[in-house]
>>> print(open('query16.cif').read())   # mmCIF, C-alpha atoms
data_data
#
loop_
_atom_site.label_atom_id
_atom_site.label_comp_id
_atom_site.auth_asym_id
_atom_site.auth_seq_id
_atom_site.Cartn_x
_atom_site.Cartn_y
_atom_site.Cartn_z
CA MET A 189 -33.33 9.65 -15.32
CA MET A 190 -35.94 11.12 -17.68
CA THR A 191 -34.22 14.52 -17.55
CA ALA A 192 -30.90 12.91 -18.55
CA LEU A 193 -32.64 11.10 -21.43
CA LEU A 194 -34.31 14.34 -22.53
CA ILE A 195 -30.94 16.12 -22.59
CA LEU A 196 -29.40 13.23 -24.54
CA HIS A 197 -32.36 13.33 -26.96
CA GLY A 198 -31.70 17.05 -27.47
CA LEU A 199 -27.96 16.51 -27.99
CA LEU A 200 -28.61 13.80 -30.59
CA ALA A 201 -31.02 16.17 -32.33
CA VAL A 202 -28.36 18.91 -32.46
CA GLY A 203 -25.87 16.49 -34.03
CA LEU A 204 -28.49 15.30 -36.50
CA LEU A 205 -29.47 18.85 -37.37
CA GLY A 206 -25.86 19.71 -38.20
CA ALA A 207 -25.21 16.53 -40.18
CA THR A 208 -28.35 16.57 -42.30
CA THR A 209 -28.32 20.33 -42.97
CA HIS A 210 -24.66 20.18 -44.00
CA GLN A 211 -25.34 17.19 -46.25
CA ALA A 212 -28.40 18.75 -47.90
CA LEU A 213 -26.64 22.03 -48.64
CA ALA A 214 -23.42 20.36 -49.78
CA ALA A 215 -25.39 18.03 -52.10
CA THR A 216 -27.40 20.90 -53.56
CA ILE A 217 -24.62 23.41 -54.16
CA LYS A 218 -22.45 22.30 -57.05
CA ARG A 219 -19.03 21.20 -55.89
CA THR A 220 -16.19 23.45 -56.98
CA GLU A 221 -12.49 23.52 -56.24
CA PRO A 222 -11.89 25.54 -53.11
CA ARG A 223 -9.94 28.35 -54.77
CA THR A 224 -10.19 30.57 -51.75
CA ARG A 225 -10.09 29.58 -48.13
CA SER A 226 -13.50 31.08 -47.42
CA PHE A 227 -16.14 29.28 -45.34
CA ILE A 228 -18.45 28.89 -48.38
CA SER A 229 -15.70 27.37 -50.55
CA ARG A 230 -14.82 24.82 -47.90
CA PHE A 231 -18.51 24.11 -47.35
CA ARG A 232 -19.01 23.39 -51.05
CA ALA A 233 -16.00 21.06 -51.08
CA THR A 234 -17.60 18.78 -48.47
CA ASP A 235 -18.29 15.19 -49.51
CA ALA A 236 -22.06 15.00 -48.92
CA ALA A 237 -22.11 11.18 -49.08
CA ALA A 238 -19.91 10.98 -45.99
CA TYR A 239 -22.82 12.10 -43.77
CA SER A 240 -25.34 9.38 -44.63
CA ASN A 241 -24.27 6.79 -42.01
CA ALA A 242 -24.17 9.44 -39.30
CA VAL A 243 -27.63 10.72 -40.30
CA VAL A 244 -29.12 7.19 -40.21
CA ILE A 245 -27.61 6.36 -36.81
CA LEU A 246 -28.45 9.74 -35.23
CA PHE A 247 -32.00 9.77 -36.63
CA ALA A 248 -32.74 6.21 -35.45
CA ALA A 249 -31.21 6.91 -32.02
CA ALA A 250 -33.12 10.20 -31.62
CA VAL A 251 -36.44 8.51 -32.53
CA ALA A 252 -35.71 5.56 -30.20
CA LEU A 253 -35.03 7.94 -27.30
CA GLY A 254 -38.09 9.97 -28.25
CA ALA A 255 -40.17 6.78 -28.10
CA VAL A 256 -38.87 6.11 -24.57
CA LEU A 257 -39.72 9.67 -23.51
CA TYR A 258 -43.12 9.70 -25.23
CA PRO A 259 -45.22 8.23 -22.34
CA ARG A 260 -43.84 10.96 -20.07
CA TYR A 261 -44.94 13.60 -22.61
CA ARG A 262 -48.43 12.08 -22.75
CA PHE A 263 -48.65 11.89 -18.97
CA VAL A 264 -47.22 15.30 -18.06
CA VAL A 265 -46.99 17.73 -20.98
CA ARG A 266 -50.07 16.93 -23.06
CA PRO A 267 -52.56 17.32 -20.17
CA LEU A 268 -50.89 20.67 -19.42
CA LEU A 269 -51.37 21.78 -23.05
CA GLN A 270 -55.02 20.74 -22.87
CA THR A 271 -55.53 22.55 -19.57
CA MET A 272 -53.97 25.71 -21.02
CA ASP A 273 -56.05 25.24 -24.21
CA LEU A 274 -52.90 25.34 -26.36
CA ARG A 275 -54.20 23.58 -29.45
CA ALA A 276 -51.48 24.65 -31.90
CA PRO A 277 -48.54 23.26 -29.83
CA ASN A 278 -50.55 20.05 -29.38
CA GLY A 279 -51.02 19.81 -33.15
CA ALA A 280 -47.38 20.65 -33.77
CA PHE A 281 -46.40 17.66 -31.63
CA GLU A 282 -48.87 15.41 -33.48
CA LEU A 283 -47.08 16.43 -36.69
CA LYS A 284 -43.70 15.76 -35.05
CA GLU A 285 -44.96 12.25 -34.29
CA HIS A 286 -45.99 11.60 -37.91
CA PHE A 287 -42.89 13.23 -39.42
CA SER A 288 -40.61 11.18 -37.13
CA ALA A 289 -42.31 7.97 -38.27
CA ILE A 290 -42.13 8.90 -41.97
CA GLY A 291 -38.47 9.92 -41.61
CA LEU A 292 -37.60 6.74 -39.73
CA LEU A 293 -39.34 4.52 -42.28
CA MET A 294 -37.63 6.34 -45.18
CA LEU A 295 -34.15 5.79 -43.67
CA PRO A 296 -33.46 2.46 -45.49
CA ALA A 297 -34.28 4.09 -48.86
CA TYR A 298 -32.27 7.20 -47.93
CA TRP A 299 -29.27 5.07 -46.93
CA ALA A 300 -29.50 2.99 -50.13
CA SER A 301 -29.70 6.14 -52.28
CA TRP A 302 -26.39 7.40 -50.80
CA ARG A 303 -24.60 4.03 -51.12
CA GLN A 304 -21.34 4.19 -53.06
CA PRO A 305 -20.92 4.32 -56.03
CA LEU A 306 -23.67 6.95 -56.25
CA ALA A 307 -26.20 6.08 -58.96
CA PRO A 308 -26.51 9.10 -61.31
CA GLU A 309 -30.16 8.30 -62.13
CA TYR A 310 -30.98 8.74 -58.41
CA GLU A 311 -29.32 12.15 -58.07
CA PHE A 312 -32.46 14.32 -58.02
CA ALA A 313 -34.40 11.82 -55.85
CA ARG A 314 -31.42 11.51 -53.46
CA ILE A 315 -31.13 15.28 -52.98
CA SER A 316 -34.90 15.72 -52.64
CA LEU A 317 -35.18 12.95 -50.05
CA THR A 318 -32.24 14.44 -48.14
CA TRP A 319 -34.10 17.79 -48.05
CA ILE A 320 -37.26 16.04 -46.84
CA ILE A 321 -35.28 14.41 -43.99
CA THR A 322 -33.65 17.77 -43.23
CA LEU A 323 -36.99 19.59 -43.04
CA ILE A 324 -38.38 16.84 -40.78
CA VAL A 325 -35.38 17.18 -38.47
CA TRP A 326 -35.74 20.99 -38.33
CA TRP A 327 -39.50 20.79 -37.61
CA ASN A 328 -38.99 18.17 -34.90
CA PHE A 329 -36.15 20.10 -33.31
CA VAL A 330 -37.99 23.44 -33.19
CA VAL A 331 -41.24 21.86 -31.91
CA GLY A 332 -39.31 19.85 -29.30
CA GLN A 333 -37.54 22.97 -28.02
CA LEU A 334 -40.78 24.97 -27.93
CA LEU A 335 -42.57 22.26 -25.94
CA VAL A 336 -39.71 21.94 -23.46
CA ALA A 337 -40.02 25.70 -22.81
CA ILE A 338 -43.81 25.88 -23.08
CA LYS A 339 -44.47 26.84 -19.46
CA GLY A 340 -42.07 29.77 -19.75
CA LEU A 341 -43.51 30.88 -23.09
CA PHE A 342 -47.16 30.76 -21.93
CA PRO A 343 -47.06 31.52 -18.18
CA MET B 1417 -36.92 1.27 -51.45
CA ALA B 1418 -40.02 -0.97 -51.57
CA PHE B 1419 -39.90 -1.42 -47.78
CA SER B 1420 -39.67 2.31 -47.10
CA LEU B 1421 -42.42 3.32 -49.51
CA ALA B 1422 -44.83 0.57 -48.41
CA ALA B 1423 -44.14 1.22 -44.72
CA CYS B 1424 -44.71 4.99 -45.07
CA ILE B 1425 -48.00 4.44 -46.90
CA ALA B 1426 -49.07 1.83 -44.32
CA TYR B 1427 -48.24 4.25 -41.48
CA THR B 1428 -50.46 6.93 -43.04
CA PHE B 1429 -53.35 4.48 -43.40
CA ALA B 1430 -52.72 3.27 -39.83
CA TYR B 1431 -53.14 6.67 -38.17
CA TYR B 1432 -55.90 7.77 -40.54
CA PHE B 1433 -58.06 4.67 -39.98
CA ASP B 1434 -56.82 4.04 -36.43
CA TRP B 1435 -55.32 0.65 -37.24
CA SER B 1436 -52.92 -0.07 -34.42
CA LEU B 1437 -51.15 -3.40 -33.99
CA PHE B 1438 -51.33 -2.86 -30.22
CA ARG B 1439 -52.12 -0.14 -27.69
CA TYR B 1440 -49.91 0.98 -24.84
CA ASP B 1441 -51.89 1.72 -21.73
CA LEU B 1442 -50.37 4.71 -19.98
CA ALA B 1443 -51.92 4.18 -16.58
CA GLU B 1444 -51.04 0.48 -16.37
CA SER B 1445 -47.81 0.64 -18.46
CA GLN B 1446 -49.03 -2.41 -20.38
CA LEU B 1447 -49.47 -3.41 -24.01
CA HIS B 1448 -52.90 -4.54 -25.18
CA PHE B 1449 -53.31 -6.43 -28.43
CA THR B 1450 -57.09 -6.13 -28.47
CA SER B 1451 -58.97 -2.87 -28.77
CA SER B 1452 -61.69 -4.15 -26.44
CA ALA B 1453 -59.38 -4.37 -23.44
CA ALA B 1454 -60.52 -2.09 -20.64
CA SER B 1455 -58.24 0.91 -20.32
CA ALA B 1456 -57.88 3.10 -17.26
CA GLY B 1457 -56.49 6.02 -19.24
CA PRO B 1458 -55.80 7.24 -22.76
CA PRO B 1459 -53.80 4.67 -24.74
CA ILE B 1460 -50.74 5.41 -26.89
CA LEU B 1461 -51.36 4.25 -30.44
CA TRP B 1462 -48.17 5.57 -32.07
CA TYR B 1463 -46.08 2.49 -31.20
CA GLY B 1464 -48.76 0.26 -32.71
CA TRP B 1465 -49.01 2.35 -35.89
CA LEU B 1466 -45.23 2.22 -36.31
CA ALA B 1467 -45.10 -1.54 -35.68
CA LEU B 1468 -47.89 -2.12 -38.21
CA ALA B 1469 -46.05 0.02 -40.79
CA ILE B 1470 -42.78 -1.89 -40.29
CA LEU B 1471 -44.63 -5.19 -40.63
CA ALA B 1472 -46.43 -4.05 -43.81
CA GLY B 1473 -43.15 -2.75 -45.30
CA ALA B 1474 -41.37 -6.02 -44.54
CA VAL B 1475 -44.19 -8.08 -46.12
CA VAL B 1476 -44.23 -5.93 -49.29
CA ALA B 1477 -40.41 -6.04 -49.59
CA TRP B 1478 -40.55 -9.82 -49.16
CA VAL B 1479 -43.36 -10.60 -51.63
CA LEU B 1480 -42.59 -7.96 -54.30
CA PRO B 1481 -40.63 -9.61 -57.12
CA ALA B 1482 -37.12 -8.17 -57.47
CA ARG B 1483 -37.75 -7.51 -61.19
CA LEU B 1484 -40.75 -5.33 -60.33
CA ALA B 1485 -38.93 -3.57 -57.49
CA ALA B 1486 -36.09 -2.67 -59.87
CA HIS B 1487 -38.58 -0.90 -62.12
CA LEU B 1488 -39.82 1.49 -59.40
CA SER B 1489 -39.14 5.06 -60.47
CA PRO B 1490 -36.47 6.88 -58.41
CA ASP B 1491 -38.90 9.82 -58.21
CA PHE B 1492 -41.11 7.79 -55.84
CA LEU B 1493 -38.32 8.32 -53.28
CA TRP B 1494 -39.33 11.95 -52.81
CA LEU B 1495 -42.83 12.08 -54.32
CA ILE B 1496 -44.37 9.56 -51.90
CA PRO B 1497 -42.90 10.89 -48.62
CA GLY B 1498 -43.63 14.44 -49.85
CA ALA B 1499 -47.27 13.53 -50.51
CA LEU B 1500 -47.56 11.73 -47.16
CA ILE B 1501 -46.16 14.77 -45.34
CA LEU B 1502 -48.80 16.92 -47.05
CA ALA B 1503 -51.46 14.37 -46.04
CA ALA B 1504 -50.26 14.56 -42.41
CA LEU B 1505 -50.39 18.39 -42.54
CA MET B 1506 -53.96 18.29 -43.87
CA TYR B 1507 -55.02 15.66 -41.31
CA GLU B 1508 -53.63 17.63 -38.36
CA MET B 1509 -54.85 21.01 -39.64
CA ARG B 1510 -57.78 20.69 -37.20
CA TRP B 1511 -55.44 21.70 -34.34
CA PHE B 1512 -54.58 25.01 -35.97
CA LEU B 1513 -58.06 26.23 -36.97
#
>>> encode(input="query16.cif", output="C-alpha cells")
Amino acid sequence: MMTALLILHGLLAVGLLGATTHQALAATIKRTEPRTRSFISRFRATDAAAYSNAVVILFAAAVALGAVLYPRYRFVVRPLLQTMDLRAPNGAFELKEHFSAIGLLMLPAYWASWRQPLAPEYEFARISLTWIITLIVWWNFVVGQLLVAIKGLFP
Amino acid sequence: MAFSLAACIAYTFAYYFDWSLFRYDLAESQLHFTSSAASAGPPILWYGWLALAILAGAVVAWVLPARLAAHLSPDFLWLIPGALILAALMYEMRWFL
C-alpha cells in the first residue's frame, strides 16, 4: 500500500514539475506570435494562466500524499540516515518539509494572483511567486528522488 | 493574500519556537494535544505546525479589515515567502556544516 502511495506521490510530483516549470517559463518569456513552428515559438505561445488550477490541485494532492507517507519516512528512512551519519540528506528533507508547507500555504495567494482577468499591477509579483513555487517543487522533487535511492547511493 | 502571508509567517514562528498545535506520536499512532503527554518515541510536530499556521492565517484573514487588506502591496506576495525560504535555509544550515 505504502509503495503504491509513494509511486503515486512521485507521479503527481512529475505532473506538478511539468506544469509549474512550463507556467513559470511561459510567463517570463514575452509572448510572441509563433512565426515558425519551432519548439521555442510554440512554448512562448502557451497561455501561462491555464496552468494555475492544475498547479494548485497537483501541489495540494502531492503534499497531502506526502503527509500520509511522512510517518513511514520518520520510522524507516530517518533512522537509517542517522545510523549512516548522513546529515546533509537529513537536512535536505527538513528543508523539503518547510518548503512544502510554505508552498502549500501560499497556494491561495498564488491562485488569486492568476485569476482572470489578470491584474496588471500584480504581474511582477505573480511571476515571482510562480518561480518561488517552481523552485520549491524542483527542490522537493530532487530531494525526494535522492532519498528514495539513498541506500543505493551510499551503500 | 492575507491568509497566505499570515499563515506562512505563523508556520515559520511555529517551527522556530516549537509551537505545535498537537503532536503525532509515531509509536502509538496517536495525536496528543498536550506537550506533557508521555511519548514512547519521537513525535511528529510538522502536522501541528501546519495546523497552527492554517488557524493563524484564517484568524488574520477573518479579523483584518477588507480596506486594510486591499492596501497590502503586491510585492509582499514574493518578498515574504522569499524571506521565509531564506530563514528556513539559515535555520537548517546546521545539518550541512
>>> closest_residue(input="query16.cif", among="A:Gly279, A:Ala297, A:Phe312, A:Val331", to="Arg1510 of chain B", atoms="only C-alpha atoms")
A:Gly279
>>> closest_residue(input="query16.cif", among="B:Phe1512, B:Val1476, B:Ser1436, B:Gly1498", to="Ile324 of chain A", atoms="all atoms listed in the file")
B:Gly1498
>>> residues_around(input="query16.cif", residues="Ala289 of chain A", least_positions_apart="6", cutoff="10 Å", atoms="only C-alpha atoms", output="PyMOL selection string")
(chain A and resi 251+283) or (chain B and resi 1423-1424+1427-1428+1462-1463+1465-1466+1469)
>>> write_last_selection(input="query16.cif", atoms="C-alpha atoms", output="PDB file, keeping the file's coordinate frame")
ATOM      1  CA  VAL A 251     -36.440   8.510 -32.530  1.00  0.00           C
ATOM      2  CA  LEU A 283     -47.080  16.430 -36.690  1.00  0.00           C
TER       3      LEU A 283
ATOM      4  CA  ALA B1423     -44.140   1.220 -44.720  1.00  0.00           C
ATOM      5  CA  CYS B1424     -44.710   4.990 -45.070  1.00  0.00           C
ATOM      6  CA  TYR B1427     -48.240   4.250 -41.480  1.00  0.00           C
ATOM      7  CA  THR B1428     -50.460   6.930 -43.040  1.00  0.00           C
ATOM      8  CA  TRP B1462     -48.170   5.570 -32.070  1.00  0.00           C
ATOM      9  CA  TYR B1463     -46.080   2.490 -31.200  1.00  0.00           C
ATOM     10  CA  TRP B1465     -49.010   2.350 -35.890  1.00  0.00           C
ATOM     11  CA  LEU B1466     -45.230   2.220 -36.310  1.00  0.00           C
ATOM     12  CA  ALA B1469     -46.050   0.020 -40.790  1.00  0.00           C
TER      13      ALA B1469
END
>>> closest_residue(input="query16.cif", among="B:Ala1499, B:Ala1474, B:Ala1482, B:Leu1442", to="Leu1461 of chain B", atoms="all atoms listed in the file")
B:Leu1442
>>> resolve_selection(input="query16.cif", expression="the PyMOL selection byres ((chain A) within 10 of (chain B))", output="JSON, numbers by chain")
{"A": [255, 258, 259, 260, 262, 263, 274, 275, 276, 277, 278, 279, 280, 281, 282, 283, 284, 285, 286, 287, 289, 290, 291, 292, 293, 294, 295, 296, 297, 298, 299, 300, 301, 309, 310, 311, 312, 313, 314, 315, 316, 317, 318, 319, 320, 321, 324]}
>>> atom_distance(input="query16.cif", atom1="atom CA of Gly254 of chain A", atom2="atom CA of His197 of chain A")
6.8 Å
>>> atom_distance(input="query16.cif", atom1="atom CA of Gly198 of chain A", atom2="atom CA of Ala238 of chain A")
22.8 Å
>>> atom_distance(input="query16.cif", atom1="atom CA of Met190 of chain A", atom2="atom CA of Leu257 of chain A")
7.1 Å
>>> decode(input="query16.cif", residues="segment 1419-1447 of chain B", atoms="N, CA and C atoms", output="compact mmCIF listing (two decimals), in the first residue's frame")
# COMPACT_ATOMS: atom_id res chain seq x y z
N PHE B 1419 -4.43 35.65 4.20
CA PHE B 1419 -4.36 34.31 4.79
C PHE B 1419 -2.99 33.70 4.51
N SER B 1420 -2.59 33.72 3.25
CA SER B 1420 -1.32 33.08 2.86
C SER B 1420 -0.13 33.69 3.59
N LEU B 1421 -0.07 35.00 3.61
CA LEU B 1421 1.08 35.67 4.22
C LEU B 1421 1.12 35.41 5.72
N ALA B 1422 -0.04 35.54 6.39
CA ALA B 1422 -0.08 35.33 7.84
C ALA B 1422 0.23 33.87 8.17
N ALA B 1423 -0.30 32.95 7.38
CA ALA B 1423 -0.08 31.52 7.65
C ALA B 1423 1.40 31.15 7.46
N CYS B 1424 2.04 31.69 6.42
CA CYS B 1424 3.46 31.40 6.19
C CYS B 1424 4.32 31.94 7.33
N ILE B 1425 4.01 33.14 7.78
CA ILE B 1425 4.78 33.73 8.89
C ILE B 1425 4.55 32.90 10.15
N ALA B 1426 3.29 32.53 10.39
CA ALA B 1426 2.97 31.73 11.58
C ALA B 1426 3.69 30.38 11.53
N TYR B 1427 3.77 29.78 10.36
CA TYR B 1427 4.46 28.48 10.23
C TYR B 1427 5.93 28.62 10.62
N THR B 1428 6.56 29.71 10.17
CA THR B 1428 7.98 29.93 10.47
C THR B 1428 8.19 30.10 11.98
N PHE B 1429 7.32 30.88 12.61
CA PHE B 1429 7.40 31.04 14.07
C PHE B 1429 7.16 29.69 14.76
N ALA B 1430 6.21 28.91 14.21
CA ALA B 1430 5.84 27.63 14.83
C ALA B 1430 7.03 26.68 14.88
N TYR B 1431 7.76 26.52 13.76
CA TYR B 1431 8.88 25.57 13.82
C TYR B 1431 10.07 26.17 14.55
N TYR B 1432 10.23 27.49 14.48
CA TYR B 1432 11.37 28.12 15.14
C TYR B 1432 11.23 28.03 16.67
N PHE B 1433 10.03 28.33 17.16
CA PHE B 1433 9.81 28.31 18.62
C PHE B 1433 9.17 27.02 19.12
N ASP B 1434 9.00 26.05 18.19
CA ASP B 1434 8.44 24.76 18.57
C ASP B 1434 7.02 24.88 19.12
N TRP B 1435 6.21 25.71 18.46
CA TRP B 1435 4.80 25.83 18.83
C TRP B 1435 4.01 24.88 17.95
N SER B 1436 3.57 23.81 18.49
CA SER B 1436 2.81 22.84 17.71
C SER B 1436 1.41 22.71 18.31
N LEU B 1437 0.40 22.75 17.46
CA LEU B 1437 -0.98 22.65 17.95
C LEU B 1437 -1.21 21.28 18.58
N PHE B 1438 -0.55 20.27 18.01
CA PHE B 1438 -0.62 18.91 18.56
C PHE B 1438 0.61 18.15 18.10
N ARG B 1439 0.84 17.01 18.72
CA ARG B 1439 1.97 16.14 18.36
C ARG B 1439 1.43 14.79 17.94
N TYR B 1440 2.05 14.22 16.94
CA TYR B 1440 1.64 12.88 16.49
C TYR B 1440 2.67 11.89 17.00
N ASP B 1441 2.22 10.99 17.84
CA ASP B 1441 3.13 10.00 18.40
C ASP B 1441 3.30 8.85 17.42
N LEU B 1442 4.53 8.67 16.97
CA LEU B 1442 4.81 7.65 15.96
C LEU B 1442 4.57 6.23 16.47
N ALA B 1443 5.06 5.97 17.67
CA ALA B 1443 4.98 4.61 18.20
C ALA B 1443 3.54 4.20 18.46
N GLU B 1444 2.74 5.14 18.98
CA GLU B 1444 1.36 4.81 19.34
C GLU B 1444 0.36 5.16 18.24
N SER B 1445 0.82 5.89 17.19
CA SER B 1445 -0.06 6.39 16.12
C SER B 1445 -1.23 7.18 16.71
N GLN B 1446 -0.90 8.08 17.63
CA GLN B 1446 -1.95 8.88 18.30
C GLN B 1446 -1.57 10.35 18.33
N LEU B 1447 -2.61 11.20 18.34
CA LEU B 1447 -2.38 12.64 18.47
C LEU B 1447 -2.42 13.01 19.94
